[in-house]
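The structure appears right after this line, and notes come after that.
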Amino acid sequence: MTKKELSVRAIKNGTVIDHIPATHLFKVISILGLDKITDQITFGTNLKSKQQGHKAIIKVAKKYFADEDINKIALVAPFAKLNIIEDYQVVEKKVVEIPEQIVGIAKCFNPKCITNNENMTTRFSLVEKSPLALKCQYCEKITNEAHLEVL
Amino acid sequence: MKNKSLVSITDFSKEEILRIVELAAEFEANPNQKLMDDKVVSSLFFEPSTRTRLSFETAIQRLGGRIIGFTDSSSSSTSKGESLNDTIKMVSNYSDLIVMRHPLEGSARYASEVSDVPVINAGDGANQHPTQTLLDMYSIYKTQGTLDNLNIFLVGDLKYGRTVHSLLMAMSQFNPTFNFISPDSLKMPDEYKLFLDKKGIKYYEHLEFTDIIEEADILYMTRVQRERFSDPIEYEKVKNVYVLRNSMLDNTKDNLRILHPLPRVNEIHTDVDANPKAYYFEQAENGVYARMAIMASILGLK
């Protein structure tokens with residue numbers, strides 16, 4: 001049996017986040033706060049992907065993500081897949097899914113929206129997954145991918 | 001409808017809109033009914049709006065209710081830095097109903113979530129102004145005898161004008177035909193045209209304000225606002241193009257009525273005012289009856 005060569009080294013325990021759009025790798029890193037943790041992180045980007053041209057992959061040792069964090073990734077990497085690794089084995093696969101209601105994650109692009117002027121939680125409903133379009137529950141304006149800021 | 005806030009025109013169903021229109025007619029026939037004599041209404045105007053505020057206050061007075069509140073935010077605790085959350089929480093303890101005008105978009109939705117009593121949105125920035133829409137609907141119903149199958153012309157600033165957007169959404173439940181007349185830079189946004197496409201409602205776009213209006217049942221004029229233009233030359237080019245003059249009404253239908261949310265600047269020449277088809281001042285009066293109907297039904301009094 002020939003062993004498939006891995007572009008990014010395997011981890012013993014932790015989470016592999018695969019199928020991140022290459023252009024959004026650093027956004028995912030910042031959303032998940034991976035730039036602030038001390039455990040080992042390896043990543044690769046501009047890897048060839050059958051599904052999406054160029055993808056990125058992140059392997060985070062010893063870390064497992066809460067669903068809330070996964071939702072945050074879904075906004076910039078809607079097709080990301082998570083592999084939960086224990087002792088080099090994939091024990092669980094998770095698909096990220098943008099929820100119909102996005103609460104407290106995204107920022108409304110409208111500077112005149114109440115959510116940008118009052119200490120409160122933002123709420124959006126999902127209008128379109130790709131290209132991403134979120135409708136603010138308050139000002140009713142659409143925030144699209146180009147204007148998306150994750151809180 | 002009892003205890004239901006009115007934030008956006010889409011909060012009310014077709015049946016609820018019709019109910020408001022019928023109730024407004026009832027109040028117009030009999031305007032002094034002391035249904036609210038044990039009610040206190042908070043009138044919170046975080047930005048001044050004389051027309052809307054006086055219309056609401058007249059409606060409250062005619063129903064025998066009492067009013068607390070302020071007419072601009074400099075006389076409220078907002079000027080001390082109080083959050084909207086805190087102002088609404090406090091005020092909802094004092095009153096049975098909140099009428100709110102606020103410069104920030106989405107403020108009314110937020111207030112309705114925070115408040116223990118119903119909130120009526122009297123305008124939240126450029127977002128929604130549903131009581132204007134309901135008074136427009138009442139004016140159309142009153143002058144045409146129906147809301148169904150009408151040919152409605154919207155003229156002027158169709159891009160930024162929130163009144164035309166809300167009216168379009170609400171009227172779409174009554175199988176209208178729309179005609180949009182505007183400069184290219186102020187055309188009806190695609191999202192509304194897509195909405196009409198999905199509902200299978202016919203609409204036509206025109207750049208020229210011509211005898212096409214002879215087909216109209218309702219001619220809804222709006223102001224082309226100077227502040228909407230980044231290029232002053234562009235404003236100068238279009239500001240006098242969409243002006244309605246009395247001579248243009250010669251061959252229009254007998255049932256045609258001209259509406260305008262007011263204030264008008266020069267888009268309706270004063271020579272139109274004496275024409276029986278001019279309806280904008282009556283329209284403003286209808287606002288009082290429409291708001292009486294809205295408040296009475298939200299408070300469960302009718």
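Ligands are numbered from 1 in the order shown, chains are lettered A, B, ... in the order of the structure tokens, and residues start at 1 in each chain.
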Looking only at helix (DSSP H, G or I) from DSSP on the backbone, list the matching residues of region 107-154 of chain B as a VMD selection string. chain B and resid 107 to 114 130 to 144
Written file, previous selection with C-alpha atoms, as a short mmCIF file (atom, residue, chain, number, x, y, z; two decimals), in the first residue's frame:
data_model
loop_
_atom_site.label_atom_id
_atom_site.label_comp_id
_atom_site.auth_asym_id
_atom_site.auth_seq_id
_atom_site.Cartn_x
_atom_site.Cartn_y
_atom_site.Cartn_z
CA SER B 107 -34.39 51.30 16.40
CA ALA B 108 -38.13 50.61 16.35
CA ARG B 109 -37.67 46.84 16.03
CA TYR B 110 -35.25 46.92 18.92
CA ALA B 111 -37.62 49.06 21.01
CA SER B 112 -40.45 46.59 20.35
CA GLU B 113 -38.26 43.77 21.68
CA VAL B 114 -37.29 45.67 24.81
CA PRO B 130 -45.62 52.10 8.29
CA THR B 131 -48.27 54.55 9.49
CA GLN B 132 -47.54 56.69 6.40
CA THR B 133 -48.16 53.62 4.27
CA LEU B 134 -51.44 52.86 6.01
CA LEU B 135 -52.66 56.42 5.56
CA ASP B 136 -51.67 56.20 1.89
CA MET B 137 -53.63 52.95 1.63
CA TYR B 138 -56.62 54.58 3.30
CA SER B 139 -56.39 57.53 0.90
CA ILE B 140 -56.31 55.17 -2.08
CA TYR B 141 -59.22 53.12 -0.73
CA LYS B 142 -61.26 56.21 0.02
CA THR B 143 -60.76 57.81 -3.38
CA GLN B 144 -60.98 54.68 -5.54
#
8 Å contact set for Leu151 (chain A), only C-alpha atoms, chain neighbours under 6 positions out, as an MDAnalysis selection string: chainID A and resid 104:107
Given only C-alpha atoms, how would the per-residue table for chain B near chain A read, listing every residue at most 10 Å away with its closest atom pair and distance in Å to one decimal, sorted by chain and number, as a tab-separated table?
residue	atom	partner	partner_atom	distance
B:Val7	CA	A:Tyr138	CA	9.8
B:Ser8	CA	A:Glu140	CA	9.6
B:Ser83	CA	A:Glu118	CA	6.7
B:Leu84	CA	A:Glu118	CA	7.3
B:Asn85	CA	A:Glu118	CA	8.2
B:His102	CA	A:Ile114	CA	9.7
B:Pro103	CA	A:Lys112	CA	8.1
B:Leu104	CA	A:Lys112	CA	5.4
B:Glu105	CA	A:Cys113	CA	4.7
B:Gly106	CA	A:Tyr138	CA	3.9
B:Ser107	CA	A:Ile114	CA	5.3
B:Ala108	CA	A:Tyr138	CA	7.9
B:Arg109	CA	A:Tyr138	CA	5.7
B:Tyr110	CA	A:Tyr138	CA	6.7
B:Asp124	CA	A:Cys139	CA	8.5
B:Gly125	CA	A:Lys112	CA	7.9
B:Ala126	CA	A:Cys139	CA	8.9
B:Asn127	CA	A:Cys139	CA	6.3
B:Gln128	CA	A:Cys139	CA	8.7
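Once region 53-61 of chain A and its same-chain neighbours fewer than 5 positions away are set aside, Val8, Ala10, Ile11, Lys12, Asn13, Gly14, Thr15, Val16, Ile17, Asp18, His19, Ile20, Pro21, Ala22, Leu25, Asp39, Gln40, Ile41, Thr42, Phe43, Gly44, Thr45, Asn46, Leu47 and Lys48 of chain A remain within 8 Å of it when counting only C-alpha atoms.
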DSSP on the backbone: which residues in region 8-93 of chain B end up as strand (DSSP E)? Give the answer as a count of residues only. 11
Could you tell me which of B:Thr210, B:Ser92, B:Ser79, B:Thr71 comes closest to Met248 (chain B) if we count only C-alpha atoms? B:Thr210
Using CA of Leu158 (chain B) and CA of Pro183 (chain B) as the two end points, give the distance in Å to one decimal. 8.9 Å
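The interatomic distance for the pair CA of Ile120 (chain B) and CA of Leu97 (chain B) works out to 7.8 Å.
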Under the rule that only C-alpha atoms are counted, which of B:Lys187, B:Lys14, B:Arg19, B:Lys2 is the nearest residue to Met171 (chain B)? B:Lys14
Could you list, as a list of chain:residue names, every residue within 8 Å of Tyr279 (chain B), counting only C-alpha atoms and ignoring same-chain residues fewer than 2 positions away? B:Arg257, B:Ile258, B:Leu259, B:Pro276, B:Lys277, B:Phe281, B:Glu282, B:Gln283
Write out as a PyMOL selection string the residues lying within 7 Å of Ile102 (chain A), counting only C-alpha atoms and excluding same-chain residues fewer than 2 positions away. chain A and resi 99-100+104-105+123-125
Mind dumping the selected residues with C-alpha atoms as an mmCIF file, in the first residue's frame?
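Saved as result-v9.cif:
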data_model
loop_
_atom_site.group_PDB
_atom_site.id
_atom_site.type_symbol
_atom_site.label_atom_id
_atom_site.label_comp_id
_atom_site.auth_asym_id
_atom_site.auth_seq_id
_atom_site.Cartn_x
_atom_site.Cartn_y
_atom_site.Cartn_z
ATOM 1 C CA PRO A 99 -27.555 28.797 10.410
ATOM 2 C CA GLU A 100 -30.834 30.377 9.258
ATOM 3 C CA GLY A 104 -24.133 37.842 17.644
ATOM 4 C CA ILE A 105 -21.586 36.843 14.993
ATOM 5 C CA ARG A 123 -29.331 39.301 14.488
ATOM 6 C CA PHE A 124 -29.486 38.345 10.831
ATOM 7 C CA SER A 125 -31.506 35.957 8.776
#
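Using only C-alpha atoms for every distance, the candidate list B:Tyr204, B:Phe70, B:Phe174, B:Phe56 yields B:Phe174 as the residue closest to Ser13 (chain B).
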CA of Thr143 (chain A) and CA of Phe79 (chain A) are how many Å apart? 19.5 Å
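If you count only C-alpha atoms and ignore residues fewer than 2 places along the chain from Asn30 (chain B), what sits within 12 Å of it is B:Leu23, B:Ala24, B:Ala25, B:Glu26, B:Phe27, B:Glu28, B:Asn32, B:Gln33, B:Lys34, B:Arg62, B:Leu63, B:Tyr289, B:Met292, B:Ala293.
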Distance criterion (only C-alpha atoms): nearest to Ile85 (chain A) out of A:Lys129, A:Lys50, A:Lys63, A:Lys27: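 Using only C-alpha atoms, the shortest distance to Ile85 (chain A) belongs to A:Lys63.
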Spatial neighbours of Val155 (chain B), 7 Å, only C-alpha atoms, chain gap at least 2 places, as JSON, numbers by chain: {"B": [153, 157, 180, 181, 182, 220, 221, 222]}
